[in-house]
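Let me begin by presenting the structure, written as structure tokens, before commenting on it.
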Amino acid sequence: MRFVTFEHDGREKFGPLIGDEVVDISALSGLPSSLLATLEAGEQGFEAIRGAVEAAPRISLSQIAFLPPVPRPGKIICLGLNYAAHAAEGGREKPDYPNFFMRSATSLVGHGAPMRRPRISQQLDFEAELAVIIGRRVPRHTLKSDALSFVAGYSCFNDGSVRDYQRRTPQWTIGKNFDCTGPFGPSFVSADELPPGATGLNIQSRLNGAVMQSANTADMIFPVDETIMLLSQCMTLEPGDVLVMGTPAGVGFARTPPLWMKHGDTIEIEIEGVGLLSNPVIDEA
């Protein structure tokens, strides 16, 4: 199944995506009110929603504002340099261990919402990435062979980076957490709709229609199962946590001259079988 979190009539809502409509699950009582609540309820939550699809009203996608599939994840854990060619274009060696860093929920925006270039920088860059949504609590020291059983689904992500601030310190946190720089969506795609670990999928970014990045998720240095195994050695992953799996080569800072997003641009992230995430770029007021 595919689910959308959205705003309609001034309220945050959630429901299955069917064609060009979304089922308004919030109109019925006794059902999970969000994707996170559905994940926490487990398979019973998904089954209850499947059973209610025909009874719930539907809303045209043209009448909603998309929100991130999980608007306020407990943890957003990102991987840097997870494609060898991207590491090389930045003058880095292929890493022996993932370059983990964190994002905050306030950096997220949904499909179609403006991606905001901050007034204090001109260096807003794009990064096409696969997002992984955790469905069940991942116990410590989970085996790689078991790791994918904890994945509920996938989505698209644009790990927008303010490069001059990213490079001000050895850690990347500040350049990765400006408000409204992390587009996420448009929908949650359940894991059973994709190959295990979402491997073998074409991934692209397009700026104003021109292809900037083009690769395959099979090129990831640390795939989804290994990433979950490594994280479980350190922390407990919980339902609704999001893993952002790194970007291929072709980002703006590595081009000659560098290519930064500007007011009026449109940036698209597309992953085969997952969806198309599109956002306009605006300058911060």
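Letters for chains follow the order of the structure tokens (A, B, ...), residue numbers begin at 1 for each chain, and ligand numbers begin at 1 in the order shown.
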
For the interface of stretch 66-177 of chain A with stretch 263-276 of chain A (cut-off 10 Å, counting only C-alpha atoms), please tabulate each contacting residue of stretch 66-177 of chain A alongside its nearest pair of atoms and their separation in Å to one decimal, rows sorted by chain and increasing number, as a tab-separated table.
```
residue	atom	partner	partner_atom	distance
A:His111	CA	A:Leu276	CA	8.6
A:Gly112	CA	A:Thr266	CA	9.6
A:Pro114	CA	A:Thr266	CA	9.2
A:Met115	CA	A:Ile267	CA	8.8
A:Arg116	CA	A:His263	CA	8.4
A:Arg117	CA	A:His263	CA	7.5
A:Phe126	CA	A:Ile267	CA	7.7
A:Glu127	CA	A:Ile269	CA	8.3
A:Ala128	CA	A:Ile269	CA	5.5
A:Glu129	CA	A:Ile269	CA	7.8
A:Leu130	CA	A:Ile271	CA	7.5
A:Ala131	CA	A:Val274	CA	9.8
A:Gly153	CA	A:Val274	CA	9.6
A:Tyr154	CA	A:Val274	CA	7.0
A:Ser155	CA	A:Val274	CA	6.0
A:Cys156	CA	A:Ile271	CA	6.8
A:Phe157	CA	A:Ile269	CA	7.2
A:Asn158	CA	A:Ile269	CA	6.8
```

Write out the residues from the selection above, keeping all heavy atoms, as a tab-separated table (two decimals), in the first residue's frame.
```tsv
chain	number	residue	atom	x	y	z
A	111	HIS	N	6.15	17.14	-0.28
A	111	HIS	CA	6.11	17.26	-1.73
A	111	HIS	C	5.32	18.50	-2.13
A	111	HIS	O	4.25	18.78	-1.60
A	111	HIS	CB	5.45	16.00	-2.30
A	111	HIS	CG	5.09	16.08	-3.76
A	111	HIS	ND1	6.02	16.11	-4.76
A	111	HIS	CD2	3.86	16.11	-4.36
A	111	HIS	CE1	5.40	16.16	-5.92
A	111	HIS	NE2	4.10	16.16	-5.71
A	112	GLY	N	5.89	19.28	-3.05
A	112	GLY	CA	5.21	20.48	-3.55
A	112	GLY	C	5.41	21.72	-2.72
A	112	GLY	O	5.13	22.83	-3.19
A	114	PRO	N	7.58	24.70	-0.77
A	114	PRO	CA	8.82	25.38	-1.12
A	114	PRO	C	10.02	24.87	-0.32
A	114	PRO	O	9.93	24.67	0.89
A	114	PRO	CB	8.54	26.84	-0.79
A	114	PRO	CG	7.06	26.96	-0.80
A	114	PRO	CD	6.56	25.65	-0.29
A	115	MET	N	11.10	24.66	-1.03
A	115	MET	CA	12.40	24.41	-0.42
A	115	MET	C	13.07	25.78	-0.29
A	115	MET	O	13.20	26.51	-1.28
A	115	MET	CB	13.21	23.47	-1.31
A	115	MET	CG	14.48	22.95	-0.72
A	115	MET	SD	15.26	21.79	-1.89
A	115	MET	CE	16.59	21.19	-0.85
A	116	ARG	N	13.50	26.14	0.91
A	116	ARG	CA	13.85	27.53	1.17
A	116	ARG	C	15.36	27.75	1.22
A	116	ARG	O	16.06	27.12	2.01
A	116	ARG	CB	13.22	27.97	2.50
A	116	ARG	CG	13.19	29.46	2.68
A	116	ARG	CD	12.22	29.82	3.79
A	116	ARG	NE	12.71	29.42	5.11
A	116	ARG	CZ	11.95	29.28	6.18
A	116	ARG	NH1	10.65	29.50	6.09
A	116	ARG	NH2	12.46	28.92	7.33
A	117	ARG	N	15.85	28.63	0.35
A	117	ARG	CA	17.26	29.01	0.39
A	117	ARG	C	17.45	30.10	1.45
A	117	ARG	O	16.81	31.14	1.38
A	117	ARG	CB	17.73	29.53	-0.98
A	117	ARG	CG	19.23	29.81	-1.01
A	117	ARG	CD	19.71	30.16	-2.39
A	117	ARG	NE	19.27	31.48	-2.83
A	117	ARG	CZ	19.78	32.12	-3.86
A	117	ARG	NH1	20.73	31.57	-4.58
A	117	ARG	NH2	19.32	33.31	-4.20
A	126	PHE	N	21.45	20.15	-3.81
A	126	PHE	CA	20.47	19.07	-3.87
A	126	PHE	C	21.17	17.73	-3.66
A	126	PHE	O	22.33	17.56	-3.99
A	126	PHE	CB	19.77	19.07	-5.24
A	126	PHE	CG	20.75	19.18	-6.39
A	126	PHE	CD1	21.39	18.06	-6.90
A	126	PHE	CD2	21.04	20.41	-6.94
A	126	PHE	CE1	22.30	18.16	-7.94
A	126	PHE	CE2	21.97	20.54	-7.98
A	126	PHE	CZ	22.59	19.40	-8.48
A	127	GLU	N	20.42	16.76	-3.11
A	127	GLU	CA	20.93	15.40	-2.95
A	127	GLU	C	19.76	14.42	-3.03
A	127	GLU	O	18.92	14.37	-2.13
A	127	GLU	CB	21.66	15.22	-1.61
A	127	GLU	CG	22.94	16.03	-1.49
A	127	GLU	CD	23.78	15.60	-0.29
A	127	GLU	OE1	23.42	14.60	0.39
A	127	GLU	OE2	24.80	16.26	-0.03
A	128	ALA	N	19.70	13.63	-4.09
A	128	ALA	CA	18.66	12.62	-4.25
A	128	ALA	C	18.97	11.43	-3.34
A	128	ALA	O	20.07	10.88	-3.40
A	128	ALA	CB	18.60	12.15	-5.70
A	129	GLU	N	18.00	11.04	-2.51
A	129	GLU	CA	18.25	9.95	-1.57
A	129	GLU	C	17.00	9.08	-1.36
A	129	GLU	O	15.87	9.55	-1.49
A	129	GLU	CB	18.72	10.51	-0.22
A	129	GLU	CG	19.87	11.50	-0.37
A	129	GLU	CD	20.83	11.55	0.81
A	129	GLU	OE1	20.76	10.64	1.66
A	129	GLU	OE2	21.64	12.50	0.83
A	130	LEU	N	17.25	7.84	-1.00
A	130	LEU	CA	16.21	6.91	-0.60
A	130	LEU	C	15.99	7.04	0.90
A	130	LEU	O	16.94	7.03	1.68
A	130	LEU	CB	16.65	5.48	-0.93
A	130	LEU	CG	15.75	4.35	-0.44
A	130	LEU	CD1	14.47	4.29	-1.26
A	130	LEU	CD2	16.49	3.01	-0.49
A	131	ALA	N	14.72	7.16	1.30
A	131	ALA	CA	14.38	7.20	2.72
A	131	ALA	C	13.77	5.86	3.13
A	131	ALA	O	12.94	5.29	2.42
A	131	ALA	CB	13.39	8.32	3.01
A	153	GLY	N	8.59	0.61	5.12
A	153	GLY	CA	8.44	1.12	3.77
A	153	GLY	C	9.51	2.14	3.42
A	153	GLY	O	10.49	2.34	4.16
A	154	TYR	N	9.29	2.79	2.28
A	154	TYR	CA	10.30	3.67	1.69
A	154	TYR	C	9.65	4.94	1.14
A	154	TYR	O	8.44	4.98	0.91
A	154	TYR	CB	11.03	2.94	0.56
A	154	TYR	CG	11.75	1.70	1.00
A	154	TYR	CD1	11.11	0.46	1.00
A	154	TYR	CD2	13.07	1.75	1.44
A	154	TYR	CE1	11.77	-0.69	1.41
A	154	TYR	CE2	13.74	0.60	1.86
A	154	TYR	CZ	13.08	-0.61	1.84
A	154	TYR	OH	13.73	-1.75	2.27
A	155	SER	N	10.48	5.95	0.92
A	155	SER	CA	10.02	7.18	0.30
A	155	SER	C	11.23	7.85	-0.36
A	155	SER	O	12.35	7.34	-0.33
A	155	SER	CB	9.37	8.10	1.34
A	155	SER	OG	8.69	9.16	0.71
A	156	CYS	N	10.97	9.00	-0.99
A	156	CYS	CA	12.04	9.80	-1.58
A	156	CYS	C	12.44	10.90	-0.61
A	156	CYS	O	11.62	11.39	0.18
A	156	CYS	CB	11.58	10.44	-2.89
A	156	CYS	SG	11.04	9.28	-4.16
A	157	PHE	N	13.69	11.33	-0.72
A	157	PHE	CA	14.20	12.38	0.17
A	157	PHE	C	15.18	13.24	-0.62
A	157	PHE	O	15.93	12.75	-1.47
A	157	PHE	CB	14.91	11.77	1.37
A	157	PHE	CG	15.03	12.69	2.56
A	157	PHE	CD1	14.10	12.64	3.59
A	157	PHE	CD2	16.06	13.61	2.66
A	157	PHE	CE1	14.18	13.48	4.69
A	157	PHE	CE2	16.17	14.46	3.74
A	157	PHE	CZ	15.23	14.40	4.77
A	158	ASN	N	15.17	14.54	-0.34
A	158	ASN	CA	16.16	15.47	-0.89
A	158	ASN	C	16.93	16.05	0.29
A	158	ASN	O	16.40	16.88	1.04
A	158	ASN	CB	15.46	16.57	-1.69
A	158	ASN	CG	16.44	17.51	-2.37
A	158	ASN	OD1	17.64	17.47	-2.13
A	158	ASN	ND2	15.92	18.36	-3.24
```

- [ ] Do a neighbour search on A:Ala215 at 9 Å with only C-alpha atoms, toss out local chain neighbours closer than 2 positions, and write the hits as a list in words.
- [x]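 The neighbour list is Leu201, Asn202, Ile203, Gln204, Gln213, Thr217, Ala218, Asp219, Pro248 and Ala249 of chain A.
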
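Distances here use only C-alpha atoms; by that measure, the residue among A:Gln123, A:Thr173, A:Ser107, A:Gln63 closest to A:Asp9 is A:Gln63.
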
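The nearest approach to A:Thr38 among the residues A:Asp192, A:Met220, A:Gly240, A:Ala198, with only C-alpha atoms taken into account, belongs to A:Gly240.
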
What are the nearest atom pairs, with distances in Å to one decimal, for all residues of stretch 73-125 of chain A that come at most 9 Å from stretch 162-167 of chain A, using only C-alpha atoms, set out by chain and rising residue number as JSON lines?
```
{"residue": "A:Arg117", "atom": "CA", "partner": "A:Val162", "partner_atom": "CA", "distance": 8.3}
{"residue": "A:Pro118", "atom": "CA", "partner": "A:Val162", "partner_atom": "CA", "distance": 8.3}
{"residue": "A:Ser121", "atom": "CA", "partner": "A:Val162", "partner_atom": "CA", "distance": 7.1}
{"residue": "A:Gln122", "atom": "CA", "partner": "A:Val162", "partner_atom": "CA", "distance": 8.0}
{"residue": "A:Gln123", "atom": "CA", "partner": "A:Val162", "partner_atom": "CA", "distance": 5.4}
{"residue": "A:Leu124", "atom": "CA", "partner": "A:Val162", "partner_atom": "CA", "distance": 4.7}
{"residue": "A:Asp125", "atom": "CA", "partner": "A:Val162", "partner_atom": "CA", "distance": 6.3}
```

Go through stretch 30-66 of chain A residue by residue and, counting only C-alpha atoms, keep those with an atom at most 10 Å from stretch 13-19 of chain A; for each kept residue give the shortest atom pair and its distance in Å to one decimal, ordered by chain and increasing number, as a Markdown table.
```
| residue | atom | partner | partner_atom | distance |
| --- | --- | --- | --- | --- |
| A:Pro32 | CA | A:Phe14 | CA | 9.0 |
| A:Ser33 | CA | A:Phe14 | CA | 6.7 |
| A:Ser34 | CA | A:Phe14 | CA | 5.5 |
| A:Leu35 | CA | A:Phe14 | CA | 6.9 |
| A:Ile49 | CA | A:Pro16 | CA | 8.2 |
| A:Arg50 | CA | A:Pro16 | CA | 8.6 |
| A:Val53 | CA | A:Pro16 | CA | 7.8 |
| A:Ala56 | CA | A:Gly15 | CA | 9.5 |
| A:Arg58 | CA | A:Ile18 | CA | 9.0 |
| A:Ile59 | CA | A:Leu17 | CA | 9.8 |
| A:Ser60 | CA | A:Gly19 | CA | 9.3 |
| A:Leu61 | CA | A:Leu17 | CA | 9.0 |
| A:Ile64 | CA | A:Lys13 | CA | 9.6 |
| A:Phe66 | CA | A:Lys13 | CA | 9.7 |
```

TODO: Apply DSSP to the backbone of this structure and, from stretch 86-129 of chain A, keep only the residues in strand (DSSP E or B); write these as a PyMOL selection string.
DONE: chain A and resi 99-103+108-109+115-117+124-125+128-129

Open item on the list: Show me, as a PyMOL selection string, the residues that have an atom within 7 Å of stretch 141-149 of chain A when counting only C-alpha atoms, minus same-chain residues fewer than 4 positions from it.
Closed with: chain A and resi 197+225-226+228-229+232-233

Go ahead and save the picked residues with N, CA and C atoms, as a CSV table (one decimal), in the first residue's frame.
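Output file part_21.csv is given in full below:
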```
chain,number,residue,atom,x,y,z
A,197,GLY,N,15.1,-4.5,0.5
A,197,GLY,CA,16.1,-3.4,0.7
A,197,GLY,C,16.0,-2.3,-0.3
A,225,ASP,N,20.1,-3.2,4.8
A,225,ASP,CA,20.2,-4.2,5.9
A,225,ASP,C,21.4,-4.1,6.7
A,226,GLU,N,22.6,-3.7,6.1
A,226,GLU,CA,23.8,-3.5,6.8
A,226,GLU,C,23.7,-2.3,7.7
A,228,ILE,N,21.1,-0.9,9.1
A,228,ILE,CA,20.3,-1.2,10.3
A,228,ILE,C,21.1,-2.0,11.3
A,229,MET,N,21.8,-3.0,10.8
A,229,MET,CA,22.6,-3.8,11.7
A,229,MET,C,23.6,-3.0,12.4
A,232,SER,N,22.0,-0.7,15.0
A,232,SER,CA,21.5,-1.4,16.2
A,232,SER,C,22.6,-1.8,17.2
A,233,GLN,N,23.8,-1.7,16.7
A,233,GLN,CA,24.9,-1.9,17.7
A,233,GLN,C,25.1,-0.8,18.6
```

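For the pair atom CA of A:Asn82 and atom CA of A:Ala152, the interatomic distance is 21.6 Å.
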
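If you look at atom CA of A:Leu108 and atom CA of A:Pro69, they are 10.3 Å away from each other.
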
Open item on the list: Here is a test: counting only C-alpha atoms, which residue of A:Leu259, A:Phe150, A:Phe100, A:His8 is nearest to A:Ser190?
Closed with: A:Phe150
